[in-house]
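Here the structure is laid out as structure tokens; the discussion comes afterwards.
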Amino acid sequence: MPVTINGDGSITGLSVGGLGAGVVNTATLANGAATQAKRTYSTGEIVKVVQDVYTGTGSFGINDTVYTVNAPNATITPTLSGSKILVSVVMTTGINNNGETMQLTLKRSIAGGSYSTVDAATGSADGSRRRVTVSYRASSSYGMQNSKIEFLDSPSYSLGQAIGYKIAHSHRYGGYIEHFMNRSYNDENNDSEGRAISVMTLMEIAA
């Protein structure tokens, strides 16, 4: 097809690449004329990362129940369909009951819905035992305990839906226990005490 310059300034018959390399540069493009190139990801490649760092020293008391804390928490909106989410959590806690067994459970929300247990990230169902993600024994009510969760989640979602994660706390003892975030139960104002952080990191992994 012949190239024709029309009276209105338009050109017909010009094929893609017909101007040759270097004819059009960045400076000659109109604002907004170019968009980001479409990217393809290999399986296992990191697509997106979000993180929440909690430096507060919140506290709460619970009986023999499960309590979901607000921090740290993170929400990620996947870029691709079918991605997996790598959840990495470091929790620093203290309690007021020496030697008690503490339990942490991973919770998930889809598209702003209620948080529910990620069953695949908990132990096997066996009788009336509580299914949790990780557990640790507090060695002292004067110290802080550090526990970690690493789990590759495979949530069911649609593009555009946000996926949120939180952590639920519980303990083995049937009575009331106080839990402290990023501090010990003692938490005296002297240089022998410490305060820490708790962190949640989410990574979208291409499937």
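Just so we're on the same page: first chain in the structure tokens is A, next is B, and so on; residues restart at 1 for each chain, and ligands are numbered from 1 in the order they show up.
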
Name all residues at most 10 Å from A:Arg183 (count only C-alpha atoms; drop same-chain ones fewer than 2 positions away) and give them as a PyMOL selection string. chain A and resi 55-59+92-95+142-145+179-181+185-188+193-197

Write a file of the selected residues as a short mmCIF file (atom, residue, chain, number, x, y, z; two decimals), in the first residue's frame, keeping C-alpha atoms.
```cif
data_model
loop_
_atom_site.label_atom_id
_atom_site.label_comp_id
_atom_site.auth_asym_id
_atom_site.auth_seq_id
_atom_site.Cartn_x
_atom_site.Cartn_y
_atom_site.Cartn_z
CA THR A 55 6.96 -0.81 66.71
CA GLY A 56 4.13 -0.34 69.19
CA THR A 57 3.88 -1.95 72.63
CA GLY A 58 0.24 -2.93 72.71
CA SER A 59 -1.09 -5.43 75.22
CA THR A 92 8.04 -10.48 69.41
CA THR A 93 5.90 -10.96 72.50
CA GLY A 94 5.96 -11.16 76.27
CA ILE A 95 3.53 -12.62 78.80
CA TYR A 142 10.67 -11.01 82.39
CA GLY A 143 11.81 -11.61 78.82
CA MET A 144 10.53 -11.43 75.26
CA GLN A 145 9.95 -14.38 72.95
CA HIS A 179 0.10 -10.74 76.21
CA PHE A 180 2.50 -7.88 75.40
CA MET A 181 3.72 -6.83 71.97
CA TYR A 185 5.81 -8.06 81.10
CA ASN A 186 8.28 -6.32 83.40
CA ASP A 187 9.26 -3.51 80.96
CA GLU A 188 11.04 -1.45 83.60
CA GLU A 193 15.18 -3.92 79.47
CA GLY A 194 14.60 -3.90 75.72
CA ARG A 195 11.87 -3.10 73.24
CA ALA A 196 11.67 -4.75 69.84
CA ILE A 197 9.68 -4.85 66.60
#
```

Within stretch 1-192 of chain A, find each residue whose DSSP state, derived from the backbone, is helix (DSSP H, G or I), and express the selection as a PyMOL selection string. chain A and resi 26-28+119-121

Could the residues in this selection be written to a file with N, CA, C and O atoms, as a tab-separated table (two decimals), in the first residue's frame?
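Writing done, so here's part.tsv:
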```
chain	number	residue	atom	x	y	z
A	26	THR	N	12.26	10.03	22.57
A	26	THR	CA	11.42	10.32	23.73
A	26	THR	C	10.90	11.75	23.72
A	26	THR	O	9.75	12.03	24.06
A	27	ALA	N	11.74	12.68	23.33
A	27	ALA	CA	11.37	14.09	23.37
A	27	ALA	C	10.21	14.42	22.43
A	27	ALA	O	9.46	15.37	22.67
A	28	THR	N	10.04	13.65	21.34
A	28	THR	CA	8.98	13.95	20.39
A	28	THR	C	7.65	13.30	20.75
A	28	THR	O	6.65	13.56	20.10
A	119	ASP	N	-6.17	-22.73	56.79
A	119	ASP	CA	-6.12	-24.12	57.26
A	119	ASP	C	-4.84	-24.83	56.85
A	119	ASP	O	-4.29	-25.64	57.60
A	120	ALA	N	-4.37	-24.55	55.63
A	120	ALA	CA	-3.16	-25.22	55.16
A	120	ALA	C	-1.93	-24.82	55.96
A	120	ALA	O	-0.90	-25.50	55.89
A	121	ALA	N	-2.03	-23.74	56.72
A	121	ALA	CA	-0.90	-23.28	57.52
A	121	ALA	C	-1.05	-23.66	58.99
A	121	ALA	O	-0.46	-23.05	59.87
```

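Those residues that approach stretch 60-76 of chain A to within 7 Å, counting only C-alpha atoms, are Val50, Gln51, Asp52, Val53, Tyr54, Ala162, Ile163, Gly164, Tyr165, Lys166, Ile167, Ala168, His169, Ser170, His171, Tyr173, Gly174, Gly175, Tyr176, Ile177, Glu178, His179, Phe180, Ser198, Val199, Met200 and Leu202 of chain A; same-chain residues fewer than 3 positions away are not listed.
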
Those of chain A in DSSP strand (DSSP E), formatted as a count of residues only: 86

Between atom CA of A:Gly160 and atom CA of A:Arg39, what is the spacing in Å?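 Spanning atom CA of A:Arg39 to atom CA of A:Gly160 is a straight-line distance of 17.5 Å.
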
Option closest in space to A:Ser15, from A:Ala30, A:Leu86, A:Ile46, A:Val3 [counting only C-alpha atoms]: A:Val3

In terms of the shortest atom-to-atom distance over only C-alpha atoms, which of A:Thr43, A:Thr101, A:Glu150, A:Ser114 is closest to A:Thr201? A:Glu150

Check which residues of stretch 73-139 of chain A sit at most 10 Å from stretch 155-158 of chain A using only C-alpha atoms, and return one row each with the closest pair of atoms and their distance in Å to one decimal, ordered by chain and rising number, as JSON lines.
```
{"residue": "A:Thr77", "atom": "CA", "partner": "A:Tyr157", "partner_atom": "CA", "distance": 9.6}
{"residue": "A:Pro78", "atom": "CA", "partner": "A:Ser158", "partner_atom": "CA", "distance": 8.9}
{"residue": "A:Leu80", "atom": "CA", "partner": "A:Ser158", "partner_atom": "CA", "distance": 9.3}
{"residue": "A:Ser81", "atom": "CA", "partner": "A:Ser158", "partner_atom": "CA", "distance": 7.0}
{"residue": "A:Gly82", "atom": "CA", "partner": "A:Ser156", "partner_atom": "CA", "distance": 7.6}
{"residue": "A:Ser83", "atom": "CA", "partner": "A:Pro155", "partner_atom": "CA", "distance": 8.2}
{"residue": "A:Lys84", "atom": "CA", "partner": "A:Pro155", "partner_atom": "CA", "distance": 6.9}
{"residue": "A:Ile85", "atom": "CA", "partner": "A:Pro155", "partner_atom": "CA", "distance": 7.6}
{"residue": "A:Arg108", "atom": "CA", "partner": "A:Pro155", "partner_atom": "CA", "distance": 8.8}
{"residue": "A:Ser109", "atom": "CA", "partner": "A:Pro155", "partner_atom": "CA", "distance": 9.6}
{"residue": "A:Ile110", "atom": "CA", "partner": "A:Tyr157", "partner_atom": "CA", "distance": 7.0}
{"residue": "A:Ala111", "atom": "CA", "partner": "A:Tyr157", "partner_atom": "CA", "distance": 8.2}
{"residue": "A:Val118", "atom": "CA", "partner": "A:Pro155", "partner_atom": "CA", "distance": 9.0}
```

Judged by only C-alpha atoms, the minimum distance to A:Glu204 among A:Asn31, A:Asp126, A:Val47, A:Thr105 is found for A:Val47

In Å, with one decimal, what is the gap from atom CA of A:Asn96 to atom CA of A:Ser124?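 Computed distance, atom CA of A:Asn96 to atom CA of A:Ser124, equals 29.2 Å.
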
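In terms of minimum interatomic distance to A:Leu152, A:Ser88 ranks closest within A:Gln103, A:Ser135, A:Asn6, A:Ser88, counting only C-alpha atoms.
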
Nearest to A:Asn98 among A:Ser42, A:Ser139, A:Ser184, A:Gln161, with distances taken over only C-alpha atoms: which residue is it? A:Ser139

Need to verify the contact set: A:Lys148, 8 Å, only C-alpha atoms, exclusion of same-chain residues closer than 4 positions in sequence. Can you return it as a PyMOL selection string? chain A and resi 88-91+134
